[in-house]
file target-v4.txt (compact mmCIF, C-alpha atoms)
# COMPACT_ATOMS: atom_id res chain seq x y z
CA MET A 1 79.14 99.46 30.60
CA PRO A 2 77.95 100.79 33.99
CA SER A 3 77.23 104.47 34.41
CA PRO A 4 79.90 106.51 36.21
CA THR A 5 79.36 107.28 39.87
CA LEU A 6 80.03 110.36 41.97
CA PHE A 7 83.38 108.86 42.92
CA ASP A 8 84.75 108.25 39.44
CA PRO A 9 87.20 110.73 37.87
CA ILE A 10 86.14 113.09 35.12
CA LYS A 11 87.93 115.35 32.68
CA LEU A 12 86.57 118.90 32.74
CA GLY A 13 88.47 120.50 29.90
CA ALA A 14 92.05 120.88 31.05
CA ILE A 15 91.15 119.79 34.60
CA GLU A 16 91.45 116.15 35.65
CA ALA A 17 89.00 115.89 38.55
CA PRO A 18 89.44 112.85 40.83
CA ASN A 19 85.69 112.63 41.55
CA ARG A 20 82.42 114.11 40.33
CA ILE A 21 81.48 115.91 43.54
CA LEU A 22 82.01 119.59 42.83
CA MET A 23 81.85 122.39 45.37
CA ALA A 24 79.35 124.94 44.09
CA PRO A 25 80.16 128.65 44.31
CA LEU A 26 79.05 130.03 47.68
CA THR A 27 79.06 133.71 48.64
CA ARG A 28 80.48 133.94 52.18
CA ALA A 29 81.27 137.69 52.47
CA ARG A 30 84.63 137.41 54.21
CA SER A 31 86.60 139.97 52.28
CA GLU A 32 87.67 143.48 53.20
CA SER A 33 85.61 146.55 52.37
CA VAL A 34 87.76 147.14 49.29
CA HIS A 35 86.86 143.63 48.07
CA VAL A 36 90.25 142.11 48.87
CA PRO A 37 90.02 138.53 50.23
CA VAL A 38 90.99 137.96 53.86
CA THR A 39 93.76 135.66 52.77
CA ASP A 40 94.61 133.42 55.72
CA LEU A 41 91.00 132.68 56.59
CA LYS A 42 89.95 132.08 52.99
CA ALA A 43 92.97 129.86 52.35
CA GLU A 44 92.06 127.70 55.35
CA TYR A 45 88.42 127.47 54.27
CA TYR A 46 89.09 126.35 50.72
CA GLY A 47 92.03 124.17 51.74
CA GLN A 48 89.72 122.26 54.10
CA ARG A 49 87.49 121.40 51.12
CA ALA A 50 90.20 120.46 48.61
CA ALA A 51 88.97 116.84 48.37
CA ALA A 52 86.15 118.05 46.11
CA GLY A 53 86.65 116.97 42.52
CA LEU A 54 86.70 120.67 41.72
CA ILE A 55 86.05 123.77 43.82
CA ILE A 56 84.17 126.56 42.07
CA ALA A 57 85.19 129.49 44.24
CA GLU A 58 82.65 132.07 45.29
CA ALA A 59 81.22 134.71 42.97
CA THR A 60 83.94 137.34 42.51
CA GLY A 61 83.45 140.79 41.04
CA ILE A 62 85.02 141.53 37.66
CA SER A 63 84.86 145.29 38.36
CA GLN A 64 83.59 147.75 40.92
CA GLU A 65 80.63 148.39 38.61
CA GLY A 66 79.61 144.74 38.91
CA THR A 67 80.16 144.25 42.65
CA GLY A 68 77.34 145.09 45.03
CA TRP A 69 77.66 142.78 47.99
CA PRO A 70 79.42 143.89 51.18
CA ALA A 71 82.73 142.11 51.76
CA ALA A 72 82.50 140.15 48.50
CA PRO A 73 85.87 139.56 46.81
CA GLY A 74 87.02 141.04 43.52
CA ILE A 75 89.57 140.13 40.87
CA TRP A 76 90.12 143.40 38.98
CA SER A 77 93.07 144.81 40.96
CA GLU A 78 96.63 143.69 41.60
CA ALA A 79 95.98 143.66 45.35
CA GLN A 80 93.11 141.24 44.82
CA VAL A 81 95.26 138.99 42.63
CA GLU A 82 97.97 138.85 45.28
CA ALA A 83 95.43 138.10 48.03
CA TRP A 84 94.03 135.15 46.07
CA LYS A 85 97.41 133.50 45.47
CA PRO A 86 97.78 131.91 48.94
CA VAL A 87 94.22 130.57 48.57
CA THR A 88 94.94 128.72 45.34
CA ASP A 89 98.29 127.60 46.78
CA ALA A 90 96.50 126.11 49.81
CA VAL A 91 94.15 124.10 47.60
CA HIS A 92 96.93 122.92 45.30
CA ALA A 93 99.07 121.92 48.29
CA LYS A 94 96.34 119.38 49.13
CA ASP A 95 96.17 118.17 45.51
CA GLY A 96 92.94 120.07 44.92
CA ARG A 97 91.60 121.97 41.92
CA ILE A 98 89.92 125.37 42.04
CA ILE A 99 88.40 127.77 39.52
CA LEU A 100 87.01 131.28 40.06
CA GLN A 101 83.48 132.40 39.28
CA LEU A 102 83.40 135.74 37.43
CA TRP A 103 80.50 137.94 38.59
CA HIS A 104 78.71 141.06 37.41
CA MET A 105 75.55 141.72 39.41
CA GLY A 106 73.98 144.22 37.01
CA ARG A 107 70.90 145.92 38.45
CA LEU A 108 71.51 144.24 41.84
CA VAL A 109 74.35 146.67 42.59
CA HIS A 110 73.15 149.53 44.79
CA PRO A 111 74.40 153.06 43.94
CA ASP A 112 76.12 153.15 47.34
CA PHE A 113 78.78 150.88 45.81
CA LEU A 114 79.10 153.13 42.76
CA GLY A 115 79.59 156.57 44.25
CA GLY A 116 75.90 157.32 43.78
CA LYS A 117 75.75 156.34 40.11
CA PRO A 118 73.00 153.97 38.91
CA PRO A 119 73.79 150.33 38.16
CA VAL A 120 73.65 148.89 34.66
CA SER A 121 71.34 146.26 33.23
CA SER A 122 69.85 145.09 29.96
CA SER A 123 67.01 147.60 30.37
CA ALA A 124 65.96 150.40 32.71
CA THR A 125 64.36 148.16 35.34
CA THR A 126 64.40 147.85 39.13
CA ALA A 127 64.98 144.63 41.02
CA PRO A 128 62.42 143.67 43.68
CA GLY A 129 63.30 143.62 47.34
CA TYR A 130 66.28 145.31 48.90
CA ALA A 131 70.05 145.44 48.61
CA HIS A 132 72.56 144.67 51.34
CA THR A 133 74.85 147.70 51.61
CA PRO A 134 77.65 148.63 54.03
CA THR A 135 75.15 150.83 55.88
CA GLY A 136 72.23 148.40 55.95
CA LYS A 137 69.36 147.22 53.77
CA LYS A 138 68.11 149.65 51.12
CA ASP A 139 65.63 149.46 48.26
CA TYR A 140 67.08 148.73 44.85
CA THR A 141 67.09 151.62 42.40
CA GLU A 142 66.37 151.76 38.69
CA ALA A 143 69.26 150.62 36.50
CA ARG A 144 70.30 152.34 33.32
CA ALA A 145 70.19 150.29 30.14
CA LEU A 146 73.73 149.42 29.13
CA PRO A 147 74.30 151.10 25.74
CA VAL A 148 75.79 149.12 22.88
CA SER A 149 78.74 151.52 22.91
CA GLU A 150 79.74 150.27 26.40
CA ILE A 151 79.57 146.55 25.67
CA PRO A 152 83.18 146.37 24.40
CA ARG A 153 84.26 147.81 27.76
CA LEU A 154 82.22 145.15 29.56
CA LEU A 155 83.78 142.39 27.46
CA GLY A 156 87.19 143.83 28.32
CA ASP A 157 86.33 143.70 32.03
CA TYR A 158 85.50 140.00 31.75
CA ALA A 159 88.69 139.26 29.82
CA HIS A 160 90.80 141.25 32.29
CA ALA A 161 89.25 139.43 35.25
CA ALA A 162 89.83 136.04 33.62
CA LYS A 163 93.46 136.90 32.97
CA ASN A 164 93.86 138.02 36.58
CA ALA A 165 92.28 134.80 37.84
CA MET A 166 94.88 132.75 36.02
CA ALA A 167 97.63 135.01 37.37
CA ALA A 168 96.27 134.32 40.86
CA GLY A 169 96.78 130.59 40.33
CA PHE A 170 93.26 129.41 39.55
CA ASP A 171 92.89 126.40 37.26
CA GLY A 172 90.19 128.11 35.24
CA VAL A 173 87.15 130.36 35.47
CA GLN A 174 83.38 130.14 35.42
CA ILE A 175 81.19 132.87 33.91
CA HIS A 176 78.27 133.55 36.28
CA SER A 177 75.28 133.79 33.95
CA ALA A 178 72.61 132.72 36.45
CA ASN A 179 70.54 133.81 39.45
CA GLY A 180 69.25 137.10 38.09
CA TYR A 181 72.62 138.81 37.63
CA LEU A 182 73.71 140.83 34.60
CA ILE A 183 73.95 138.15 31.91
CA ASP A 184 70.73 136.55 33.18
CA GLN A 185 69.09 139.99 32.98
CA PHE A 186 69.98 140.03 29.27
CA LEU A 187 68.83 136.45 28.72
CA ARG A 188 65.30 136.55 30.11
CA ASP A 189 62.32 138.34 28.66
CA ASN A 190 60.86 139.84 31.84
CA SER A 191 64.00 141.94 32.36
CA ASN A 192 65.21 142.54 28.78
CA PHE A 193 63.03 144.98 26.84
CA ARG A 194 65.66 146.09 24.33
CA ASP A 195 64.88 146.68 20.66
CA ASP A 196 68.48 146.47 19.40
CA GLN A 197 70.70 143.48 18.59
CA TYR A 198 70.75 142.45 22.27
CA GLY A 199 66.97 142.23 22.76
CA GLY A 200 63.81 140.70 21.39
CA SER A 201 64.55 137.34 19.81
CA VAL A 202 66.24 134.44 21.59
CA GLU A 203 69.23 134.86 19.30
CA ASN A 204 69.56 138.49 20.32
CA ARG A 205 69.04 137.92 24.05
CA THR A 206 71.74 135.25 24.09
CA ARG A 207 74.19 137.49 22.21
CA LEU A 208 75.86 138.98 25.31
CA LEU A 209 76.43 135.51 26.77
CA ARG A 210 78.06 134.38 23.52
CA GLU A 211 80.27 137.44 23.38
CA VAL A 212 81.35 137.20 27.00
CA ALA A 213 82.08 133.48 26.65
CA GLN A 214 84.12 134.08 23.51
CA ALA A 215 86.06 136.92 25.13
CA VAL A 216 86.97 134.71 28.10
CA VAL A 217 87.78 131.72 25.88
CA ASP A 218 90.06 133.93 23.78
CA THR A 219 91.83 134.97 27.00
CA VAL A 220 92.27 131.70 28.95
CA GLY A 221 91.20 128.97 26.53
CA ALA A 222 87.99 127.00 26.09
CA ASP A 223 89.38 124.15 28.17
CA ARG A 224 89.59 126.46 31.20
CA THR A 225 86.25 128.25 30.72
CA SER A 226 82.89 127.13 32.10
CA VAL A 227 79.47 128.76 32.51
CA ARG A 228 76.68 128.63 35.09
CA LEU A 229 73.03 129.07 34.06
CA SER A 230 69.76 128.90 36.05
CA PRO A 231 67.34 127.68 33.39
CA ASN A 232 64.02 127.61 35.19
CA GLY A 233 62.07 129.48 37.78
CA GLU A 234 62.13 133.08 38.95
CA THR A 235 65.28 134.25 40.70
CA GLN A 236 65.80 137.74 42.15
CA GLY A 237 62.98 139.06 40.00
CA VAL A 238 64.26 137.63 36.72
CA ASP A 239 62.21 135.06 34.80
CA ASP A 240 61.35 133.98 31.28
CA SER A 241 58.01 133.16 29.70
CA ASN A 242 59.43 130.30 27.61
CA PRO A 243 62.65 128.97 29.14
CA VAL A 244 63.14 125.80 27.08
CA PRO A 245 63.94 127.41 23.70
CA LEU A 246 65.94 130.17 25.41
CA PHE A 247 68.22 127.96 27.46
CA THR A 248 68.62 125.21 24.90
CA ALA A 249 69.75 127.88 22.42
CA ALA A 250 72.19 129.25 24.99
CA ALA A 251 73.53 125.77 25.71
CA LYS A 252 73.94 125.04 22.00
CA ASP A 253 75.91 128.27 21.59
CA LEU A 254 78.19 127.31 24.48
CA GLN A 255 78.68 123.84 22.99
CA ASP A 256 79.72 125.46 19.69
CA ILE A 257 82.18 127.74 21.53
CA GLY A 258 83.55 124.62 23.22
CA ILE A 259 83.48 125.50 26.92
CA SER A 260 84.84 122.85 29.29
CA PHE A 261 81.58 122.27 31.18
CA LEU A 262 78.18 123.79 31.83
CA GLU A 263 76.70 123.99 35.34
CA LEU A 264 72.94 124.34 35.78
CA ARG A 265 71.22 125.53 38.93
CA GLU A 266 67.72 124.12 38.72
CA VAL A 267 64.61 124.25 40.84
CA LYS A 268 63.49 120.64 40.63
CA ALA A 269 59.90 119.77 39.90
CA PHE A 270 59.52 117.76 43.10
CA GLY A 271 59.02 120.82 45.24
CA ASN A 272 62.10 122.74 46.35
CA PHE A 273 61.08 126.20 47.53
CA GLY A 274 57.47 125.26 46.81
CA GLN A 275 57.76 125.73 43.02
CA THR A 276 56.21 122.42 42.05
CA ASP A 277 54.93 123.82 38.74
CA VAL A 278 58.39 124.56 37.34
CA PRO A 279 59.58 121.87 34.91
CA ARG A 280 63.22 120.86 34.61
CA VAL A 281 64.97 122.15 31.50
CA SER A 282 68.11 120.03 31.92
CA PRO A 283 66.75 117.05 29.91
CA GLU A 284 66.35 119.33 26.89
CA ILE A 285 69.74 120.95 27.44
CA ARG A 286 71.31 117.49 27.67
CA LYS A 287 70.20 116.89 24.04
CA VAL A 288 72.23 119.83 22.70
CA PHE A 289 75.13 120.11 25.15
CA THR A 290 77.40 117.09 24.90
CA ASN A 291 80.39 118.33 26.91
CA PRO A 292 80.26 117.64 30.67
CA LEU A 293 76.98 118.79 32.24
CA VAL A 294 77.00 119.55 35.98
CA LEU A 295 73.72 119.85 37.86
CA ASN A 296 73.12 121.73 41.11
CA GLN A 297 70.30 122.41 43.57
CA GLU A 298 69.37 120.64 46.78
CA TYR A 299 70.94 117.29 45.88
CA THR A 300 71.18 114.38 48.27
CA ARG A 301 73.32 111.30 47.74
CA GLU A 302 70.23 109.46 46.47
CA SER A 303 69.03 112.09 44.00
CA ALA A 304 72.59 112.63 42.77
CA ASP A 305 72.98 108.89 42.13
CA GLU A 306 69.69 108.90 40.23
CA ASP A 307 70.63 111.72 37.85
CA MET A 308 74.11 110.30 37.35
CA ALA A 309 72.75 106.82 36.59
CA SER A 310 70.24 108.17 34.06
CA GLY A 311 72.97 109.98 32.14
CA LEU A 312 71.36 113.36 32.74
CA ALA A 313 74.34 114.61 34.76
CA ASP A 314 78.05 114.01 34.37
CA ALA A 315 78.77 115.50 37.80
CA ILE A 316 76.90 117.13 40.68
CA SER A 317 77.81 120.35 42.46
CA PHE A 318 76.88 120.62 46.13
CA GLY A 319 76.49 124.00 47.79
CA ARG A 320 75.28 124.30 51.37
CA PRO A 321 76.43 120.80 52.41
CA PHE A 322 80.00 121.95 51.76
CA ILE A 323 79.54 124.85 54.21
CA SER A 324 79.20 122.58 57.23
CA ASN A 325 80.95 119.47 55.91
CA PRO A 326 84.53 120.18 54.83
CA ASP A 327 84.89 116.42 54.33
CA LEU A 328 81.68 116.09 52.28
CA VAL A 329 83.26 113.73 49.74
CA GLU A 330 84.16 111.27 52.49
CA ARG A 331 80.72 111.56 54.10
CA LEU A 332 78.95 110.90 50.80
CA ARG A 333 81.24 107.98 50.03
CA ASN A 334 80.45 106.37 53.40
CA ASN A 335 76.78 107.40 53.47
CA SER A 336 77.53 109.22 56.71
CA GLU A 337 75.44 111.90 58.36
CA ILE A 338 75.52 115.34 56.72
CA ALA A 339 75.97 118.00 59.38
CA PRO A 340 73.57 120.98 59.25
CA ASP A 341 74.84 124.50 58.66
CA ASN A 342 74.07 127.67 60.59
CA PHE A 343 72.37 130.29 58.41
CA LYS A 344 73.24 133.07 60.86
CA THR A 345 76.95 132.70 60.02
CA TRP A 346 76.69 132.42 56.23
CA TYR A 347 77.68 136.06 55.72
CA SER A 348 79.24 136.97 59.06
CA GLU A 349 82.87 137.79 59.79
CA GLY A 350 85.65 135.59 61.08
CA PRO A 351 86.04 131.82 61.45
CA GLU A 352 82.74 131.03 63.20
CA GLY A 353 80.54 129.07 60.82
CA TYR A 354 83.33 129.23 58.23
CA THR A 355 86.40 127.23 59.17
CA ASP A 356 85.28 125.75 62.51
CA TYR A 357 82.94 123.00 61.27
CA PRO A 358 84.48 119.66 62.35
CA ARG A 359 85.26 116.74 60.11
CA LEU A 360 83.28 113.57 60.80
CA SER A 361 86.16 111.96 62.69
CA GLU A 362 86.48 115.05 64.91
CA ALA A 363 82.75 115.24 65.56
CA THR A 364 82.63 111.55 66.45
CA ALA A 365 85.53 111.90 68.87
CA ALA A 366 83.90 114.91 70.49

call {"tool": "encode", "arguments": {"input": "target-v4.txt", "output": "structure tokens"}}
result
Amino acid sequence: MPSPTLFDPIKLGAIEAPNRILMAPLTRARSESVHVPVTDLKAEYYGQRAAAGLIIAEATGISQEGTGWPAAPGIWSEAQVEAWKPVTDAVHAKDGRIILQLWHMGRLVHPDFLGGKPPVSSSATTAPGYAHTPTGKKDYTEARALPVSEIPRLLGDYAHAAKNAMAAGFDGVQIHSANGYLIDQFLRDNSNFRDDQYGGSVENRTRLLREVAQAVVDTVGADRTSVRLSPNGETQGVDDSNPVPLFTAAAKDLQDIGISFLELREVKAFGNFGQTDVPRVSPEIRKVFTNPLVLNQEYTRESADEDMASGLADAISFGRPFISNPDLVERLRNNSEIAPDNFKTWYSEGPEGYTDYPRLSEATAA
């Protein structure tokens, strides 16, 4: 029996995806200062990309505590829920499918977003580099270690956000556990120095991920819950000395919980970002996670076909190509040119570099 291709359907829990080309979550910063999506613009943007097998909408704050990016959307208030509804309606009107990524940035939230209070993390650490704030770039500050007594509140924030996402019309949710944000700060040993039940051993460092996943599953169902991990390489100052046992244990836990799919953002060993010494962890995760596995990071049509054919991936999520190619599925199907994106407009305001990229047919006519 031949291996499935990018263009074959796949069942992702409760979601019947018509192809295996997923739109990865992409922060685009086009929300109001109170983290309410700019509805008409965002509805047009996602509606343009509804041919993806599944859209994983941009990282969206579960609470003010967890949101530290200017003009990033949230999902904790009624106003935010109402603003998202026309977006999901626009995707569904084009027979698309869309889920929402639930985000807590942890130590990467600057106190300017918190009324001067420090951010929270696994331990009292400071992220490298600088934060983007409404008044410009500023150094990160030391986080306070989240006490065990506050973890039930955090789990409640995740459950509340998941419930709100479903009320806004999303087909499911993804728990952002990658890229150096809060859950990743608990997972990896260069940012988690705790000596309680959430630190030390792999079993303890994966505890928060298990509890968050279970809280979300209990709220919206396992068949509408997915998770994103970044299992190798340093990201935003977070890294691990022994990633294979850590991330295979995390994946096994998520398999036991029964999530609908797992997405991995990997730095591939063939040289993206110059990290040629970082091995891929996905082959080991594939051994323990048998539900759909989605891989992400710098894929081309050729490398996607290779990982699909080998059985390593069940689907591929594409990020930046979806920025400048609203018809990416069609372009990949026809082996057409992939239009480049403009970095300067990734996080700007308005339609430029957001909804004004032409489809292939329009570009050809022009």

call {"tool": "atom_distance", "arguments": {"input": "target-v4.txt", "atom1": "CA of Leu264 (chain A)", "atom2": "CA of Leu312 (chain A)"}}
result
11.5 Å

call {"tool": "residues_around", "arguments": {"input": "target-v4.txt", "residues": "Glu362 (chain A)", "least_positions_apart": "5", "cutoff": "12 Å", "atoms": "all atoms listed in the file", "output": "list in words"}}
result
Asn325, Pro326, Asp327, Asp356 and Tyr357 of chain A

call {"tool": "closest_residue", "arguments": {"input": "target-v4.txt", "among": "A:Ala168, A:Leu187, A:Ala222, A:Ala29", "to": "Ile259 (chain A)", "atoms": "only C-alpha atoms"}}
result
A:Ala222

call {"tool": "residues_near_point", "arguments": {"input": "target-v4.txt", "point": "(86.0, 121.0, 30.2)", "cutoff": "8 Å", "atoms": "all atoms listed in the file", "output": "VMD selection string"}}
result
chain A and resid 11 to 15 222 to 226 259 to 261 291 to 292

call {"tool": "residues_around", "arguments": {"input": "target-v4.txt", "residues": "Arg97 (chain A)", "least_positions_apart": "3", "cutoff": "12 Å", "atoms": "all atoms listed in the file", "output": "compact mmCIF listing (two decimals) with C-alpha atoms, in the frame of the given file"}}
result
# COMPACT_ATOMS: atom_id res chain seq x y z
CA LYS A 11 87.93 115.35 32.68
CA LEU A 12 86.57 118.90 32.74
CA ALA A 14 92.05 120.88 31.05
CA ILE A 15 91.15 119.79 34.60
CA GLU A 16 91.45 116.15 35.65
CA ALA A 17 89.00 115.89 38.55
CA PRO A 18 89.44 112.85 40.83
CA ASN A 19 85.69 112.63 41.55
CA ILE A 21 81.48 115.91 43.54
CA LEU A 22 82.01 119.59 42.83
CA MET A 23 81.85 122.39 45.37
CA TYR A 46 89.09 126.35 50.72
CA GLY A 47 92.03 124.17 51.74
CA ARG A 49 87.49 121.40 51.12
CA ALA A 50 90.20 120.46 48.61
CA ALA A 51 88.97 116.84 48.37
CA ALA A 52 86.15 118.05 46.11
CA GLY A 53 86.65 116.97 42.52
CA LEU A 54 86.70 120.67 41.72
CA ILE A 55 86.05 123.77 43.82
CA ILE A 56 84.17 126.56 42.07
CA ALA A 57 85.19 129.49 44.24
CA VAL A 87 94.22 130.57 48.57
CA THR A 88 94.94 128.72 45.34
CA ASP A 89 98.29 127.60 46.78
CA ALA A 90 96.50 126.11 49.81
CA VAL A 91 94.15 124.10 47.60
CA HIS A 92 96.93 122.92 45.30
CA ALA A 93 99.07 121.92 48.29
CA LYS A 94 96.34 119.38 49.13
CA LEU A 100 87.01 131.28 40.06
CA GLY A 169 96.78 130.59 40.33
CA PHE A 170 93.26 129.41 39.55
CA ASP A 171 92.89 126.40 37.26
CA GLY A 172 90.19 128.11 35.24
CA VAL A 173 87.15 130.36 35.47
CA ARG A 224 89.59 126.46 31.20

call {"tool": "residues_near_point", "arguments": {"input": "target-v4.txt", "point": "(73.8, 107.9, 38.4)", "cutoff": "12 Å", "atoms": "all atoms listed in the file", "output": "list in words"}}
result
Pro2, Ser3, Pro4, Thr5, Leu6, Phe7, Asp8, Arg20, Leu295, Arg301, Glu302, Ser303, Ala304, Asp305, Glu306, Asp307, Met308, Ala309, Ser310, Gly311, Leu312, Ala313, Asp314, Ala315 and Ile316 of chain A

call {"tool": "residues_around", "arguments": {"input": "target-v4.txt", "residues": "Val148 (chain A)", "least_positions_apart": "3", "cutoff": "9 Å", "atoms": "all atoms listed in the file", "output": "list of chain:residue names"}}
result
A:Ile151, A:Pro152, A:Asp196, A:Gln197, A:Tyr198

call {"tool": "closest_residue", "arguments": {"input": "target-v4.txt", "among": "A:Leu182, A:Ala59, A:Leu155, A:Val288", "to": "Val120 (chain A)", "atoms": "all atoms listed in the file"}}
result
A:Leu182

call {"tool": "closest_residue", "arguments": {"input": "target-v4.txt", "among": "A:Gly221, A:Gly200, A:Gly319, A:Pro86", "to": "Gly258 (chain A)", "atoms": "all atoms listed in the file"}}
result
A:Gly221

call {"tool": "residues_around", "arguments": {"input": "target-v4.txt", "residues": "Ala249 (chain A)", "least_positions_apart": "4", "cutoff": "10 Å", "atoms": "only C-alpha atoms", "output": "list of chain:residue names"}}
result
A:Val202, A:Glu203, A:Thr206, A:Pro243, A:Val244, A:Pro245, A:Asp253, A:Leu254, A:Gln255, A:Ile285, A:Val288, A:Phe289

call {"tool": "residues_around", "arguments": {"input": "target-v4.txt", "residues": "Asp112 (chain A)", "least_positions_apart": "2", "cutoff": "12 Å", "atoms": "all atoms listed in the file", "output": "ChimeraX atom specification"}}
result
/A:64-65,67-70,108-110,114-119,131-141

call {"tool": "atom_distance", "arguments": {"input": "target-v4.txt", "atom1": "CA of Asn179 (chain A)", "atom2": "CA of Thr355 (chain A)"}}
result
26.1 Å

call {"tool": "decode", "arguments": {"input": "target-v4.txt", "residues": "region 322-329 of chain A", "atoms": "all heavy atoms", "output": "short mmCIF file (atom, residue, chain, number, x, y, z; two decimals), in the first residue's frame"}}
result
data_model
loop_
_atom_site.label_atom_id
_atom_site.label_comp_id
_atom_site.auth_asym_id
_atom_site.auth_seq_id
_atom_site.Cartn_x
_atom_site.Cartn_y
_atom_site.Cartn_z
N PHE A 322 2.93 30.21 4.07
CA PHE A 322 1.51 30.59 4.10
C PHE A 322 1.34 32.10 4.25
O PHE A 322 0.26 32.63 3.94
CB PHE A 322 0.77 29.87 5.22
CG PHE A 322 0.00 28.66 4.76
CD1 PHE A 322 0.35 27.40 5.22
CD2 PHE A 322 -1.06 28.78 3.89
CE1 PHE A 322 -0.36 26.28 4.80
CE2 PHE A 322 -1.78 27.67 3.46
CZ PHE A 322 -1.41 26.41 3.91
N ILE A 323 2.36 32.81 4.74
CA ILE A 323 2.25 34.26 4.84
C ILE A 323 2.05 34.87 3.46
O ILE A 323 1.13 35.68 3.24
CB ILE A 323 3.50 34.86 5.51
CG1 ILE A 323 3.55 34.46 7.00
CG2 ILE A 323 3.51 36.39 5.37
CD1 ILE A 323 4.80 34.96 7.71
N SER A 324 2.90 34.49 2.52
CA SER A 324 2.92 35.13 1.21
C SER A 324 2.24 34.32 0.12
O SER A 324 2.19 34.74 -1.04
CB SER A 324 4.37 35.41 0.80
OG SER A 324 5.17 34.25 0.95
N ASN A 325 1.68 33.15 0.48
CA ASN A 325 1.02 32.30 -0.49
C ASN A 325 -0.32 31.83 0.07
O ASN A 325 -0.42 30.73 0.61
CB ASN A 325 1.90 31.09 -0.83
CG ASN A 325 3.22 31.48 -1.45
OD1 ASN A 325 3.35 31.65 -2.65
ND2 ASN A 325 4.23 31.66 -0.60
N PRO A 326 -1.35 32.65 -0.04
CA PRO A 326 -2.66 32.23 0.49
C PRO A 326 -3.16 30.96 -0.18
O PRO A 326 -3.96 30.22 0.41
CB PRO A 326 -3.57 33.43 0.20
CG PRO A 326 -2.86 34.21 -0.87
CD PRO A 326 -1.41 34.00 -0.63
N ASP A 327 -2.69 30.69 -1.39
CA ASP A 327 -3.08 29.49 -2.13
C ASP A 327 -1.95 28.46 -2.10
O ASP A 327 -1.69 27.76 -3.09
CB ASP A 327 -3.42 29.85 -3.58
CG ASP A 327 -2.28 30.59 -4.29
OD1 ASP A 327 -1.35 31.06 -3.60
OD2 ASP A 327 -2.32 30.69 -5.52
N LEU A 328 -1.28 28.31 -0.97
CA LEU A 328 -0.11 27.43 -0.88
C LEU A 328 -0.44 26.00 -1.27
O LEU A 328 0.37 25.33 -1.92
CB LEU A 328 0.47 27.47 0.54
CG LEU A 328 1.72 26.60 0.74
CD1 LEU A 328 2.88 27.10 -0.10
CD2 LEU A 328 2.11 26.56 2.22
N VAL A 329 -1.61 25.50 -0.89
CA VAL A 329 -1.96 24.12 -1.23
C VAL A 329 -1.94 23.93 -2.74
O VAL A 329 -1.37 22.95 -3.25
CB VAL A 329 -3.34 23.76 -0.64
CG1 VAL A 329 -3.78 22.37 -1.12
CG2 VAL A 329 -3.31 23.81 0.88
#
